[in-house]
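So this one's run-v8.txt, compact mmCIF, C-alpha atoms:
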# COMPACT_ATOMS: atom_id res chain seq x y z
CA MET N 923 131.07 75.78 85.05
CA LYS N 924 127.60 77.29 85.39
CA ARG N 925 126.46 79.87 82.83
CA ILE N 926 123.67 82.15 84.02
CA ARG N 927 122.09 84.75 81.74
CA VAL N 928 120.96 87.82 83.71
CA ILE N 929 118.19 89.57 81.77
CA VAL N 930 117.72 93.20 82.78
CA PRO N 931 114.29 93.96 81.25
CA VAL N 932 114.94 97.56 80.25
CA ILE N 933 116.42 99.32 77.22
CA THR N 934 119.29 100.93 79.16
CA ASP N 935 122.51 99.35 80.43
CA MET N 936 122.94 101.86 83.27
CA TRP N 937 122.47 99.18 85.93
CA ASN N 938 124.57 96.42 84.33
CA GLU N 939 127.89 97.25 85.96
CA PRO N 940 126.66 97.78 89.55
CA LEU N 941 124.39 94.73 89.54
CA LEU N 942 127.15 92.56 88.08
CA ARG N 943 129.52 93.82 90.77
CA GLU N 944 126.95 92.90 93.45
CA MET N 945 126.45 89.42 92.02
CA GLU N 946 130.15 88.75 91.38
CA ALA N 947 130.88 89.44 95.05
CA CYS N 948 128.80 86.48 96.22
CA LYS N 949 128.71 84.03 93.30
CA GLU N 950 130.62 80.75 93.18
CA PRO N 951 134.02 80.79 91.42
CA ASP N 952 132.82 78.55 88.58
CA THR N 953 129.71 80.64 87.79
CA VAL N 954 129.82 82.81 84.67
CA LEU N 955 127.30 85.68 84.64
CA GLU N 956 126.19 87.14 81.31
CA VAL N 957 124.21 90.38 81.60
CA THR N 958 121.94 91.46 78.75
CA ASN N 959 119.32 94.16 78.17
CA LEU N 960 116.30 94.50 75.89
CA GLU N 961 116.55 96.03 72.43
CA LYS N 962 112.85 96.89 72.61
CA GLY N 963 110.84 97.75 75.70
CA THR N 964 110.85 100.48 78.32
CA ILE N 965 113.61 102.39 80.14
CA SER N 966 112.35 101.34 83.58
CA VAL N 967 109.71 98.98 84.99
CA GLU N 968 107.55 100.78 87.54
CA ASP N 969 103.92 99.66 87.05
CA SER N 970 101.72 96.98 85.49
CA PHE N 971 101.85 98.75 82.13
CA ASP N 972 105.66 98.49 82.07
CA VAL N 973 105.55 94.87 83.22
CA THR N 974 103.21 93.97 80.35
CA TRP N 975 105.14 96.05 77.81
CA ALA N 976 108.42 94.30 78.64
CA GLY N 977 106.96 90.80 78.89
CA LEU N 978 107.28 89.55 75.31
CA PHE N 979 110.83 90.85 74.95
CA VAL N 980 111.82 89.17 78.22
CA LEU N 981 110.41 85.85 77.02
CA GLN N 982 112.43 86.12 73.83
CA LYS N 983 115.60 86.70 75.86
CA VAL N 984 114.92 83.66 78.06
CA LEU N 985 114.35 81.46 75.01
CA GLU N 986 117.59 82.81 73.56
CA ALA N 987 119.46 81.96 76.78
CA GLU N 988 118.36 78.34 76.59
CA ARG N 989 119.26 78.11 72.89
CA ASP N 990 122.70 79.54 73.69
CA GLY N 991 123.35 76.75 76.18
CA CYS N 992 122.98 78.70 79.41
CA ASP N 993 122.33 76.65 82.54
CA GLY N 994 119.91 79.16 84.08
CA ALA N 995 118.30 82.56 83.64
CA ILE N 996 117.61 85.41 86.04
CA ILE N 997 114.97 88.06 85.26
CA TYR N 998 116.38 91.12 86.95
CA CYS N 999 113.37 93.17 88.02
CA PHE N 1000 111.59 92.92 91.36
CA ASP N 1001 108.20 93.00 89.59
CA ASP N 1002 109.18 89.68 87.95
CA PRO N 1003 107.95 90.48 84.40
CA ALA N 1004 107.15 87.34 82.38
CA VAL N 1005 108.63 85.02 85.02
CA ARG N 1006 105.74 82.56 84.93
CA GLY N 1007 105.61 82.47 81.13
CA ALA N 1008 109.38 82.04 80.98
CA LYS N 1009 109.20 79.06 83.33
CA GLU N 1010 106.71 77.47 80.97
CA ALA N 1011 108.82 78.26 77.92
CA VAL N 1012 112.13 76.63 78.91
CA ARG N 1013 113.58 73.75 80.88
CA ILE N 1014 116.53 75.60 82.41
CA PRO N 1015 115.76 77.13 85.82
CA VAL N 1016 114.30 80.65 85.64
CA VAL N 1017 114.50 82.86 88.72
CA GLY N 1018 112.85 86.24 89.23
CA ILE N 1019 114.63 88.49 91.71
CA GLY N 1020 111.33 89.33 93.42
CA GLU N 1021 110.29 85.75 94.09
CA ALA N 1022 113.83 84.80 95.14
CA SER N 1023 114.03 87.66 97.63
CA VAL N 1024 110.75 86.98 99.42
CA HIS N 1025 111.48 83.27 99.66
CA VAL N 1026 114.89 83.98 101.19
CA ALA N 1027 113.26 86.43 103.61
CA SER N 1028 110.76 83.77 104.67
CA LEU N 1029 113.64 81.42 105.54
CA ILE N 1030 115.33 83.81 107.94
CA GLY N 1031 112.37 85.49 109.62
CA HIS N 1032 108.67 85.23 110.42
CA LYS N 1033 107.61 88.57 108.89
CA PHE N 1034 109.26 90.86 106.38
CA GLY N 1035 108.77 94.37 105.06
CA ILE N 1036 109.56 95.54 101.53
CA VAL N 1037 111.09 98.93 100.73
CA THR N 1038 110.94 99.73 97.04
CA ALA N 1039 111.44 102.58 94.54
CA GLY N 1040 109.34 104.08 91.77
CA ASN N 1041 105.71 105.19 91.69
CA PRO N 1042 104.25 104.79 95.20
CA GLN N 1043 100.82 103.49 94.17
CA LYS N 1044 101.59 101.51 91.03
CA THR N 1045 104.87 99.87 92.06
CA CYS N 1046 103.45 98.75 95.41
CA SER N 1047 100.35 97.37 93.69
CA VAL N 1048 102.40 95.11 91.39
CA ILE N 1049 104.43 93.82 94.32
CA TRP N 1050 101.30 93.04 96.36
CA ASP N 1051 99.79 91.21 93.38
CA ASN N 1052 102.91 89.06 93.12
CA LEU N 1053 103.00 88.40 96.88
CA ARG N 1054 99.43 87.10 96.70
CA MET N 1055 100.34 84.89 93.73
CA TYR N 1056 103.38 83.52 95.59
CA GLU N 1057 101.18 83.05 98.71
CA MET N 1058 103.59 85.22 100.68
CA ASP N 1059 101.32 88.22 101.36
CA HIS N 1060 100.49 87.00 104.87
CA LYS N 1061 104.18 87.29 105.82
CA CYS N 1062 104.58 90.87 104.58
CA VAL N 1063 103.89 93.73 107.01
CA GLY N 1064 103.98 96.38 104.28
CA VAL N 1065 105.40 97.69 101.02
CA LYS N 1066 106.75 101.26 101.05
CA PRO N 1067 108.62 103.35 98.45
CA VAL N 1068 111.77 105.28 99.38
CA GLY N 1069 110.51 108.29 97.46
CA VAL N 1070 113.26 108.18 94.83
CA PRO N 1071 112.29 107.23 91.24
CA VAL N 1072 114.18 104.27 89.77
CA LEU N 1073 116.08 106.39 87.24
CA ARG N 1074 117.34 108.72 89.99
CA LEU N 1075 118.59 106.09 92.41
CA LYS N 1076 122.22 106.47 91.33
CA GLU N 1077 122.10 110.24 91.89
CA ASP N 1078 120.24 110.26 95.21
CA ILE N 1079 121.91 107.42 97.11
CA ALA N 1080 122.20 109.48 100.33
CA GLU N 1081 118.47 110.28 100.29
CA GLU N 1082 117.73 106.66 99.44
CA GLU N 1083 119.74 105.45 102.44
CA ARG N 1084 118.09 107.95 104.82
CA ASN N 1085 114.62 106.99 103.64
CA LEU N 1086 115.43 103.28 103.72
CA THR N 1087 116.52 103.61 107.35
CA GLU N 1088 113.32 105.45 108.27
CA LEU N 1089 111.00 103.09 106.43
CA ALA N 1090 112.77 99.97 107.66
CA SER N 1091 112.36 101.27 111.21
CA GLU N 1092 108.62 101.65 110.57
CA MET N 1093 108.48 98.07 109.27
CA ILE N 1094 110.30 96.80 112.35
CA ALA N 1095 107.74 98.57 114.54
CA LYS N 1096 105.03 96.68 112.64
CA GLY N 1097 106.68 93.35 113.39
CA ALA N 1098 109.12 92.80 110.51
CA ASP N 1099 112.24 90.86 111.43
CA VAL N 1100 113.64 91.00 107.87
CA ILE N 1101 113.70 93.82 105.31
CA VAL N 1102 113.62 93.16 101.56
CA LEU N 1103 114.81 95.70 99.00
CA GLY N 1104 111.96 95.83 96.51
CA CYS N 1105 113.94 97.06 93.51
CA GLY N 1106 116.96 95.57 91.77
CA SER N 1107 118.37 99.07 91.28
CA MET N 1108 118.63 99.71 95.04
CA LEU N 1109 122.32 98.87 95.31
CA GLY N 1110 125.01 99.88 97.79
CA VAL N 1111 122.74 100.84 100.70
CA ALA N 1112 121.74 97.56 102.37
CA ASP N 1113 124.80 96.69 104.43
CA SER N 1114 125.16 100.01 106.27
CA VAL N 1115 121.43 100.18 107.09
CA SER N 1116 121.45 96.53 108.17
CA ARG N 1117 124.27 97.21 110.62
CA LYS N 1118 122.60 100.38 111.90
CA LEU N 1119 119.23 98.74 112.56
CA GLN N 1120 120.56 95.28 113.44
CA ILE N 1121 118.22 93.53 111.01
CA PRO N 1122 118.89 91.33 107.95
CA ILE N 1123 118.28 93.07 104.62
CA VAL N 1124 117.77 90.88 101.56
CA VAL N 1125 119.44 92.26 98.42
CA PRO N 1126 117.62 90.92 95.31
CA ALA N 1127 120.81 90.56 93.23
CA ARG N 1128 122.38 88.33 95.86
CA ALA N 1129 119.25 86.29 96.53
CA ALA N 1130 118.62 85.58 92.85
CA VAL N 1131 122.14 84.51 91.92
CA LYS N 1132 122.43 82.18 94.92
CA MET N 1133 118.98 80.72 94.27
CA CYS N 1134 119.78 80.10 90.59
CA GLU N 1135 123.18 78.58 91.40
CA SER N 1136 121.57 76.27 93.97
CA LEU N 1137 118.92 75.01 91.56
CA ILE N 1138 121.55 74.30 88.92
CA ALA N 1139 123.80 72.53 91.45
CA MET N 1140 120.90 70.36 92.64
CA GLY N 1141 119.83 69.51 89.10
CA LEU N 1142 116.45 71.13 89.68
CA SER N 1143 114.27 73.30 87.50
CA GLN N 1144 110.63 74.37 87.42
CA SER N 1145 108.19 71.47 87.35
CA LYS N 1146 106.48 70.94 84.02
CA ARG N 1147 103.42 69.82 85.95
CA GLY N 1148 103.21 73.31 87.41
CA PHE N 1149 104.64 75.18 84.42
CA ALA N 1150 103.56 73.11 81.43
CA THR N 1151 105.32 73.65 78.09
CA PRO N 1152 103.19 75.94 75.83
CA LEU N 1153 101.34 74.37 72.92
CA GLU N 1154 102.98 74.64 69.53
CA LYS N 1155 101.09 77.20 67.46
CA LYS N 1156 101.63 80.14 65.18
CA ARG N 1157 102.87 83.19 67.07
CA ILE N 1158 104.14 86.49 65.66
CA GLY N 1159 106.30 88.77 67.79
For the structure just supplied, provide its representation as structure tokens.
Amino acid sequence: MKRIRVIVPVITDMWNEPLLREMEACKEPDTVLEVTNLEKGTISVEDSFDVTWAGLFVLQKVLEAERDGCDGAIIYCFDDPAVRGAKEAVRIPVVGIGEASVHVASLIGHKFGIVTAGNPQKTCSVIWDNLRMYEMDHKCVGVKPVGVPVLRLKEDIAEEERNLTELASEMIAKGADVIVLGCGSMLGVADSVSRKLQIPIVVPARAAVKMCESLIAMGLSQSKRGFATPLEKKRIG
């Protein structure tokens, strides 16, 4: 059995059921998924301010997952808040849905485009910063928002699908052969658009759970040469 703690770094559980449904549909039979939210933080993560605000609380949840005996942890936000610090903090594999998605995209195509949600300027800026850090920016033809704020995605799924189709078409024209959904809350729209445009669309929930399962199965975790354990010192949080 593999226990994976899925940390949704917001103070609402509105996405827990749909994301769990998405992950359950593709996980291995012996994988147990445990979804948790933050008690302190922000209601959505849409810019660098939110990423920083949520960071400490995410780290605490990852440490808790390791103490509870989980085999791996997934940080469920495409902006990957605190992913690097979490990899330093624990020895169980930690996977951010953003990093997992772009690595999967790079395996199945030469170039990819990202369609995201939230604030057009700020959300795209965080994603580009992460792409540069992951050394994946040269493979990305663009990052575009669907024009629907994160907290309205459930209500405006038809608009989200229309805009995703339009933006994905623009990305294809720029040379993308894979589309990545740039928000973990963009659920239930990928498969129909993928069929319509005849292009693979990477769903972060699916990419992250399969990546985490694979690392656990292979007995692999983040290298402590690359993500050294933090020094012991007094910290208050």
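In this comparison, which uses all atoms listed in the file, the residue of N:Val1005, N:Val1037, N:Ala1090, N:Ala995 approaching Tyr1056 (chain N) most closely is N:Val1005.
Among the candidates N:Leu978, N:Leu985, N:Ala1039, N:Val1063, the one nearest to Ser1107 (chain N) when counting only C-alpha atoms is N:Ala1039.
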Within 8 Å of region 1023-1028 of chain N using all atoms listed in the file, minus same-chain residues under 6 positions, as a count of residues only: 11
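Residues having any atom no farther than 8 Å from (129.7, 80.3, 83.6) (counting all atoms listed in the file) are Met923, Lys924, Arg925, Ile926, Asp952, Thr953, Val954 and Leu955 of chain N.
Straight-line separation from CA of Gly1007 (chain N) to CA of Arg943 (chain N): 28.2 Å.
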